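See below for the structure under consideration.
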Amino acid sequence: MKKHIFVKDITKEHMDIIDLFIVTKKGVFSTKNNTKYMSIGLRDATGVIEGKVWERVDELQDTFDKNDLVYVKSKSRFYQEKPQLNISDIKRINEILTLNEMKAFLPEGQRGNDMVREEFMGLVDSIQSSSIRSLFSVLTERSGLAEKFYSYPASIGVHHVYLGGLLEHSVAVAQMAKEAVKFCGGNLDVVIAGSLFHDIGKIDEMEIKGAFRYSDKGRLLGHIALGVVIFEALVKEVKDFPPQISDILKHIIISHHGVEEWGSPRKPMTIEALIVHYIDNLDAKVMGVKEHMKENMEDELWTTYHRLYESRFYKIPEGINGD
């Protein structure tokens with residue numbers, strides 16, 4: 001399934017845009033004259049564009065959902081100096097894409113997946129415990145698990161929403177947590193391993209159906225419970241893995257959201273779990289705001305309202321300093 005026209009290429013009015021996109025948002029509204037219309041966010045690897053449906057709204061509005069892969073027939077126009085699509089038809093595509101095909105629809109991390117993989121392996125090699133290192137050997141030997149861990153986004157719509165985002169987030173948490181140990185203390189091997197494993201359940205929480213979406217087991221169990229299941233399966237492959245270390249690492253997985261209302265059945269109860277929780281929260285929120293700033297600026301300084309974080313955000317202009 002090949003994509004031909006990308007968002008970055010829509011630079012003129014009256015272009016015929018007949019192509020595939022991923023739906024990022026969808027809503028039905030009315031104009032001041034009570035004309036019903038549908039507003040749709042459409043994404044590919046190069047950006048997001050807004051589409052409008054002015055005709056057949058009732059017919060089309062229930063035929064697709066957010067995160068669906070859709071086939072769009074439209075013409076380009078400019079509104080307030082930004083390109084938009086006037087959509088005449090839109091259809092959900094049920095064909096399942098491969099990870100390679102997803103590269104046309106989701107961006108990749110700016111740092112490059114190969115570089116982040118090298119950093120991941122460097123972190124694993126720095127672990128002193130041979131038993132803990134063996135867990136990662138089992139992970140990388142299981143090609144299905146490893147490919148998903150290296151390639152999946154960290155979330156569907158919150159932070160690190162790009163190919164390789166899960167690996168990049170896990171590595172960033174481990175790198176920052178490693179530095180935190182210098183000031184806070186703690187078992188360095190446990191902190192590194194807990195950081196790298198804390199979101200491992202996301203490889204089963206998400207699946208590719210059209211685009212990335214939550215799997216049935218992801219909706220039923222969530223990535224924390226699934227992470228424990230995956231971790232226990234890895235432990236079974238390591239001969240004489242220390243049961244106490246297994247419990248300590250599982251505790252990091254189940255407590256990394258911090259409190260019950262955020263999805264953790266236990267609060268962090270070790271120094272290592274506290275470090276992972278707070279740095280995970282920091283990295284996720286900062287990256288979530290950065291990604292929000294890329295596509296949701298009201299003007300040069302302020303973003304639109306972020307529903308999850310319940311705030312607008314101010315972007316400090318480049319070149320500002322304290323002098």
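Ordering of the structure tokens sets the chain letters (A, B, ...), residue numbers begin anew at 1 in every chain, and ligands are numbered from 1 in the order given.
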Exercise. Looking only at the backbone, which of the residues in segment 84-274 of chain A does DSSP tag as strand (DSSP E), as a list in words?
Worked result: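 Reading the DSSP output for segment 84-274 of chain A, strand (DSSP E) covers Gln84, Leu85, Asn86, Ile87, Ser88, Asp89, Ile90, Lys91, Arg92, Met206, Glu207, Ile208, Lys209, Ala211, Phe212, Arg213 and Tyr214 of chain A.
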For this session: Would you please extract all alpha helix (DSSP H) residues from segment 142-231 of chain A, as assigned by DSSP on the backbone, and give them as a ChimeraX atom specification?
Result: /A:143-151,165-184,188-197,202-205,216-231
Can I get the residues of segment 279-303 of chain A within 9 Å of segment 155-168 of chain A, each with the closest pair of atoms and their distance in Å to one decimal, using only C-alpha atoms, sorted chain first then ascending number, as a Markdown table?
| residue | atom | partner | partner_atom | distance |
| --- | --- | --- | --- | --- |
| A:Asp283 | CA | A:His159 | CA | 8.8 |
| A:Ala284 | CA | A:His159 | CA | 5.7 |
| A:Lys285 | CA | A:His159 | CA | 7.2 |
| A:Val286 | CA | A:His159 | CA | 8.4 |
| A:Met287 | CA | A:His159 | CA | 5.7 |
| A:Gly288 | CA | A:His159 | CA | 4.2 |
| A:Val289 | CA | A:His159 | CA | 8.0 |
| A:Lys290 | CA | A:His159 | CA | 8.7 |
| A:Glu291 | CA | A:His159 | CA | 7.1 |
| A:His292 | CA | A:Val158 | CA | 8.8 |
How would the residues just chosen look if you wrote them out with C-alpha atoms as a PDB file, in the first residue's frame?
ATOM      1  CA  ASP A 283      10.218  12.722  30.272  1.00  0.00           C
ATOM      2  CA  ALA A 284       6.658  11.892  29.212  1.00  0.00           C
ATOM      3  CA  LYS A 285       5.274  15.319  30.113  1.00  0.00           C
ATOM      4  CA  VAL A 286       8.118  17.354  28.605  1.00  0.00           C
ATOM      5  CA  MET A 287       7.990  15.386  25.345  1.00  0.00           C
ATOM      6  CA  GLY A 288       4.193  15.599  25.329  1.00  0.00           C
ATOM      7  CA  VAL A 289       4.393  19.388  25.564  1.00  0.00           C
ATOM      8  CA  LYS A 290       7.127  19.562  22.897  1.00  0.00           C
ATOM      9  CA  GLU A 291       5.004  17.511  20.498  1.00  0.00           C
ATOM     10  CA  HIS A 292       1.955  19.660  21.308  1.00  0.00           C
TER      11      HIS A 292
END
Exercise. Interatomic distance between atom CA of Ala211 of chain A and atom CA of Glu147 of chain A?
Worked result: 16.8 Å
Tell me, as an mmCIF file with N, CA and C atoms, in the first residue's frame, which residues lie within 8 Å of segment 251-254 of chain A, counting only C-alpha atoms; anything in the same chain fewer than 3 positions away does not count.
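Saved to around-v7.cif:
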data_model
loop_
_atom_site.group_PDB
_atom_site.id
_atom_site.type_symbol
_atom_site.label_atom_id
_atom_site.label_comp_id
_atom_site.auth_asym_id
_atom_site.auth_seq_id
_atom_site.Cartn_x
_atom_site.Cartn_y
_atom_site.Cartn_z
ATOM 1 N N GLY A 194 14.993 -1.359 35.533
ATOM 2 C CA GLY A 194 13.614 -0.932 35.760
ATOM 3 C C GLY A 194 13.182 0.146 34.783
ATOM 4 N N PHE A 197 12.602 -1.508 31.352
ATOM 5 C CA PHE A 197 11.462 -2.424 31.318
ATOM 6 C C PHE A 197 10.131 -1.786 31.714
ATOM 7 N N HIS A 198 10.137 -0.535 32.213
ATOM 8 C CA HIS A 198 8.923 -0.040 32.864
ATOM 9 C C HIS A 198 7.717 0.007 31.929
ATOM 10 N N ASP A 199 7.938 0.257 30.640
ATOM 11 C CA ASP A 199 6.831 0.343 29.677
ATOM 12 C C ASP A 199 6.793 -0.830 28.706
ATOM 13 N N ILE A 224 0.560 -1.899 32.211
ATOM 14 C CA ILE A 224 1.247 -2.274 33.457
ATOM 15 C C ILE A 224 1.093 -3.768 33.718
ATOM 16 N N ALA A 225 -0.133 -4.272 33.660
ATOM 17 C CA ALA A 225 -0.356 -5.715 33.857
ATOM 18 C C ALA A 225 0.331 -6.520 32.756
ATOM 19 N N GLY A 227 2.928 -5.667 31.129
ATOM 20 C CA GLY A 227 4.369 -5.598 31.357
ATOM 21 C C GLY A 227 4.846 -6.651 32.334
ATOM 22 N N VAL A 228 4.060 -6.877 33.382
ATOM 23 C CA VAL A 228 4.411 -7.920 34.354
ATOM 24 C C VAL A 228 4.380 -9.295 33.694
ATOM 25 N N ASP A 247 11.022 -9.636 41.955
ATOM 26 C CA ASP A 247 9.948 -8.890 42.612
ATOM 27 C C ASP A 247 10.237 -7.391 42.629
ATOM 28 N N ILE A 248 11.495 -7.019 42.856
ATOM 29 C CA ILE A 248 11.865 -5.599 42.911
ATOM 30 C C ILE A 248 11.661 -4.941 41.549
ATOM 31 N N HIS A 257 3.545 4.501 37.464
ATOM 32 C CA HIS A 257 2.606 5.629 37.325
ATOM 33 C C HIS A 257 2.383 6.365 38.643
ATOM 34 N N SER A 264 -1.531 2.788 38.648
ATOM 35 C CA SER A 264 -0.606 1.902 39.368
ATOM 36 C C SER A 264 -1.289 1.266 40.565
ATOM 37 N N PRO A 265 -1.286 -0.072 40.657
ATOM 38 C CA PRO A 265 -1.892 -0.729 41.818
ATOM 39 C C PRO A 265 -1.077 -0.567 43.102
ATOM 40 N N ARG A 266 0.163 -0.139 42.982
ATOM 41 C CA ARG A 266 1.009 0.127 44.155
ATOM 42 C C ARG A 266 1.758 1.436 43.949
ATOM 43 N N PRO A 268 5.171 3.687 44.502
ATOM 44 C CA PRO A 268 6.586 3.305 44.578
ATOM 45 C C PRO A 268 7.022 3.148 46.032
ATOM 46 N N GLU A 272 14.587 3.077 44.187
ATOM 47 C CA GLU A 272 14.718 2.861 42.744
ATOM 48 C C GLU A 272 13.384 3.095 42.027
ATOM 49 N N ALA A 273 12.285 2.623 42.635
ATOM 50 C CA ALA A 273 10.963 2.814 42.021
ATOM 51 C C ALA A 273 10.567 4.293 42.008
ATOM 52 N N VAL A 276 12.477 5.992 39.113
ATOM 53 C CA VAL A 276 11.909 5.672 37.803
ATOM 54 C C VAL A 276 10.569 6.389 37.610
ATOM 55 N N HIS A 277 9.735 6.394 38.640
ATOM 56 C CA HIS A 277 8.429 7.047 38.534
ATOM 57 C C HIS A 277 8.558 8.524 38.185
#
Sorted by chain and rising residue number, which residues of segment 106-163 of chain A lie within 12 Å of segment 47-62 of chain A, and what are their closest atom pairs and distances in Å to one decimal, counting only C-alpha atoms, as JSON lines?
{"residue": "A:Leu106", "atom": "CA", "partner": "A:Gly47", "partner_atom": "CA", "distance": 8.6}
{"residue": "A:Pro107", "atom": "CA", "partner": "A:Gly47", "partner_atom": "CA", "distance": 8.1}
{"residue": "A:Glu108", "atom": "CA", "partner": "A:Gly47", "partner_atom": "CA", "distance": 11.6}
{"residue": "A:Tyr162", "atom": "CA", "partner": "A:Gly47", "partner_atom": "CA", "distance": 11.5}
Problem set entry | Surrounding residues of segment 65-80 of chain A excluding itself and chain neighbours under 3 positions, 8 Å, only C-alpha atoms, as a ChimeraX atom specification | /A:10,12-26,62,83-94,209-213
For this session: Between atom CA of Gly258 of chain A and atom CA of Ile279 of chain A, measure the distance and give it in Å to one decimal.
Result: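 For atom CA of Gly258 of chain A relative to atom CA of Ile279 of chain A, the distance reads 11.1 Å.
Between Leu97 of chain A and the candidates A:Ile5, A:Ile208, A:Leu145, A:Val124, the tightest atom-to-atom separation, counting only C-alpha atoms, involves A:Ile208.
Each of A:Val138, A:Gly41, A:Asn33, A:Lys2 was checked against Lys239 of chain A using only C-alpha atoms; the smallest atom-to-atom distance is that of A:Val138.
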Exercise. Near Ile127 of chain A, within 10 Å and counting only C-alpha atoms, which residues show up once chain neighbours fewer than 6 positions away are dropped, as JSON, numbers by chain?
Worked result: {"A": [133, 188, 189, 190, 191, 192, 193]}
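Among the candidates A:Phe105, A:Ile203, A:Asp114, A:Cys184, the one nearest to Gly144 of chain A when counting only C-alpha atoms is A:Ile203.
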